[in-house]
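Single-structure report; data block below.
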Amino acid sequence: MKRLWLVAGAGAIAVLLGIVLIGGRQAPDEAEMAQAGDPLEQSQPIQFPHDTHAGQFLIDCQYCHYSAERSVDAGIPPVETCIGCHREGSVAGRNMPEEIVKVREYHASGTPIPWRRIYKVSDHVHFPHMRHVAAGVTCQTCHGEVQEMGVLEEVAPEAGDLKMGWCISCHLERGASRDCTVCHY
Ligand code: HEC
Ligand code: HEC
Ligand code: HEC
Ligand code: HEC
Ligand code: HEC
């Protein structure tokens with residue numbers, strides 16, 4: 001227990017140092033990006049609308065995030081999943097939307113879409129999606145009403161900044177384990 005605190009503490013300090021260092025180095029790039037255009041427009045390689053897919057067309061979350069119920073990671077779908085529906089790019093009488101052209105270019109060149117990751121806990125923390133799905137905790141409890149969101153940009157307020165207190169308070173409420181070793185390696 002004492003040793004874990006030390007290890008985790010050292011990890012946290014290393015992470016903090018990392019943030020300071022990386023933060024310092026990235027500042028100029030961010031300034032350049034802001035000048036080059038609206039940073040929001042550039043934050044994802046493709047402006048993927050969750051509301052259109054999961055809201056308007058009622059595509060199940062797990063049609064795309066299909067490993068959520070059986071593995072630690074929910075997973076991001078490969079471009080093949082997109083092409084299944086976007087092979088015929090143009091809807092009758094309408095030009096193919098620019099974002100769909102991009103999807104097809106990634107597919108044609110065999111390049112995975114370089115999505116920017118939004119939800120991430122530190123490497124010393126273990127978060128198993130399948131345990132939460134099995135316990136009946138909905139995606140929305142932690143990620144918010146994703147089916148009403150356009151392009152995802154940041155962690156939803158429901159996720160309490162992904163801090164330890166957020167995990168612990170729900171575990172307390174629902175009688176799940178609060179043993180350090182279930183969450184920390
Ligand atoms: C048609 C496929 C598709 C469907 C349906 C879908 N998603 Fe996604 N989801 C994606 C793609 C692609 C990304 C990566 C791009 C992004 O972050 O928007 C993503 C990203 C996410 C992320 C952020 C991941 C991260 O940390 O970077 C969350 C959370 C998420 N989806 C939850 C959901 C939930 C909840 C639903 C159902 C209400 C859902 N998704 C339905 C394709 C889908
Ligand atoms: C189950 C079918 C299905 C899957 C799978 C799917 N989409 Fe879609 N997508 C649609 C439909 C339907 C629309 C709305 C009609 C349209 O614009 O063609 C849409 C619209 C879009 C749009 C908005 C296009 C515009 O009008 O600007 C983008 C971008 C998009 N999809 C990207 C993706 C990506 C990236 C994936 C894979 C992660 C994906 N889609 C997977 C069915 C799907
Ligand atoms: C109890 C809270 C909780 C629930 C419920 C939950 N997630 Fe997550 N989700 C997280 C956390 C925390 C992360 C970051 C995990 C990490 O960094 O290892 C995450 C990460 C993700 C990611 C990023 C990629 C990945 O594989 O980790 C996607 C996509 C995602 N969740 C989708 C979903 C979907 C879809 C559901 C419902 C089937 C869902 N989540 C249910 C908390 C949750
Ligand atoms: C909204 C409620 C909720 C939140 C938030 C939540 N959990 Fe959980 N967690 C649960 C439930 C419910 C279970 C299932 C307990 C069971 O299977 O008996 C669980 C189980 C787990 C398990 C498996 C425990 C075991 O006994 O093996 C781990 C590990 C875990 N959660 C980690 C996390 C981490 C890390 C976070 C924060 C990043 C988190 N959880 C946030 C509700 C939550
Ligand atoms: C339900 C999951 C869970 C349990 C149980 C848990 N932690 Fe954590 N812990 C986390 C998460 C999530 C973080 C934040 C990681 C991040 O910043 O990405 C964290 C962070 C930490 C940190 C880094 C400093 C900080 O506050 O960010 C330490 C040290 C730590 N935990 C120790 C412990 C100890 C000791 C216990 C047992 C008394 C424990 N944890 C139990 C999930 C958990």
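As shown in the structure tokens, the chain order sets the letters A, B, ...; within each chain, residues go from 1, and ligands are also counted from 1 in the order they appear.
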
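Within 10 Å of Arg104 (chain A), once only C-alpha atoms are used and residues closer than 2 positions along the same chain are dropped, the contacting residues are Val79, Glu80, Cys82, Ile83, His86, Arg87, Glu88, Gly89, Glu99, Ile100, Val101, Lys102, Tyr106, His107, Ala108, Ser109 and Gly110 of chain A.
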
Output file for the selection above: N, CA and C atoms, as a PDB file, in the first residue's frame:
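Saved to again08.pdb:
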```
ATOM      1  N   VAL A  79     -11.879   2.414 -40.804  1.00  0.00           N
ATOM      2  CA  VAL A  79     -12.509   3.113 -41.932  1.00  0.00           C
ATOM      3  C   VAL A  79     -13.396   2.168 -42.761  1.00  0.00           C
ATOM      4  N   GLU A  80     -13.132   0.853 -42.707  1.00  0.00           N
ATOM      5  CA  GLU A  80     -13.973  -0.133 -43.414  1.00  0.00           C
ATOM      6  C   GLU A  80     -15.422  -0.052 -42.920  1.00  0.00           C
ATOM      7  N   CYS A  82     -16.972   2.573 -41.909  1.00  0.00           N
ATOM      8  CA  CYS A  82     -17.580   3.765 -42.510  1.00  0.00           C
ATOM      9  C   CYS A  82     -17.962   3.484 -43.964  1.00  0.00           C
ATOM     10  N   ILE A  83     -17.045   2.832 -44.679  1.00  0.00           N
ATOM     11  CA  ILE A  83     -17.235   2.600 -46.110  1.00  0.00           C
ATOM     12  C   ILE A  83     -18.446   1.709 -46.368  1.00  0.00           C
ATOM     13  N   HIS A  86     -20.810   4.376 -46.664  1.00  0.00           N
ATOM     14  CA  HIS A  86     -20.456   5.535 -47.496  1.00  0.00           C
ATOM     15  C   HIS A  86     -19.782   5.159 -48.820  1.00  0.00           C
ATOM     16  N   ARG A  87     -19.997   3.927 -49.269  1.00  0.00           N
ATOM     17  CA  ARG A  87     -19.448   3.505 -50.557  1.00  0.00           C
ATOM     18  C   ARG A  87     -20.086   4.320 -51.690  1.00  0.00           C
ATOM     19  N   GLU A  88     -21.402   4.409 -51.633  1.00  0.00           N
ATOM     20  CA  GLU A  88     -22.117   5.273 -52.583  1.00  0.00           C
ATOM     21  C   GLU A  88     -22.123   6.655 -51.950  1.00  0.00           C
ATOM     22  N   GLY A  89     -21.216   7.495 -52.408  1.00  0.00           N
ATOM     23  CA  GLY A  89     -21.016   8.759 -51.696  1.00  0.00           C
ATOM     24  C   GLY A  89     -22.089   9.801 -51.937  1.00  0.00           C
ATOM     25  N   GLU A  99     -16.525  15.954 -46.481  1.00  0.00           N
ATOM     26  CA  GLU A  99     -16.023  15.077 -45.422  1.00  0.00           C
ATOM     27  C   GLU A  99     -16.093  13.602 -45.832  1.00  0.00           C
ATOM     28  N   ILE A 100     -17.054  13.263 -46.693  1.00  0.00           N
ATOM     29  CA  ILE A 100     -17.173  11.875 -47.175  1.00  0.00           C
ATOM     30  C   ILE A 100     -16.078  11.593 -48.209  1.00  0.00           C
ATOM     31  N   VAL A 101     -15.742  12.611 -49.001  1.00  0.00           N
ATOM     32  CA  VAL A 101     -14.627  12.465 -49.954  1.00  0.00           C
ATOM     33  C   VAL A 101     -13.371  12.080 -49.175  1.00  0.00           C
ATOM     34  N   LYS A 102     -13.161  12.751 -48.039  1.00  0.00           N
ATOM     35  CA  LYS A 102     -11.974  12.460 -47.209  1.00  0.00           C
ATOM     36  C   LYS A 102     -12.006  11.021 -46.699  1.00  0.00           C
ATOM     37  N   TYR A 106      -9.075   8.147 -47.377  1.00  0.00           N
ATOM     38  CA  TYR A 106      -8.359   7.326 -46.371  1.00  0.00           C
ATOM     39  C   TYR A 106      -8.520   5.851 -46.718  1.00  0.00           C
ATOM     40  N   HIS A 107      -9.739   5.462 -47.100  1.00  0.00           N
ATOM     41  CA  HIS A 107      -9.998   4.064 -47.413  1.00  0.00           C
ATOM     42  C   HIS A 107      -9.187   3.621 -48.632  1.00  0.00           C
ATOM     43  N   ALA A 108      -9.209   4.444 -49.677  1.00  0.00           N
ATOM     44  CA  ALA A 108      -8.522   4.088 -50.926  1.00  0.00           C
ATOM     45  C   ALA A 108      -7.012   3.937 -50.699  1.00  0.00           C
ATOM     46  N   SER A 109      -6.435   4.790 -49.835  1.00  0.00           N
ATOM     47  CA  SER A 109      -4.980   4.736 -49.641  1.00  0.00           C
ATOM     48  C   SER A 109      -4.600   3.761 -48.517  1.00  0.00           C
ATOM     49  N   GLY A 110      -5.609   3.148 -47.887  1.00  0.00           N
ATOM     50  CA  GLY A 110      -5.329   2.184 -46.826  1.00  0.00           C
ATOM     51  C   GLY A 110      -4.725   2.825 -45.584  1.00  0.00           C
TER      52      GLY A 110
END
```

Note to self: Could you list, as a PyMOL selection string, all residues that come within 8 Å of ligand 2? Count only C-alpha atoms and all ligand atoms.
What the structure shows: chain A and resi 46-49+52-53+57+59+63-64+76-86+89-91+96-100+103

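If you measure from each of A:Gly165, A:Glu158, A:Phe127, A:Cys180 to ligand 4 using only C-alpha atoms and all ligand atoms, the closest one turns out to be A:Phe127.
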
Residues within 9 Å of ligand 3 should be enumerated using only C-alpha atoms and all ligand atoms and returned as a PyMOL selection string.
chain A and resi 60-69+71-77+117-123+125-133+135-143+159+162-163+167+170

With distances taken over only C-alpha atoms and all ligand atoms, the candidate from A:His171, A:Arg70, A:His50, A:Arg178 nearest ligand 1 is A:His50

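For the pair atom 26 (O, counted along the ligand's line) of ligand 4 and CA of Trp166 (chain A), the separation is 16.4 Å.
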
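Reported to one decimal place, the separation of CA of Met164 (chain A) from atom 5 (C, counted along the ligand's line) of ligand 4 is 9.3 Å.
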
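We find atom 42 (C, counted along the ligand's line) of ligand 1 and CA of Gly160 (chain A) to be spaced 22.3 Å apart.
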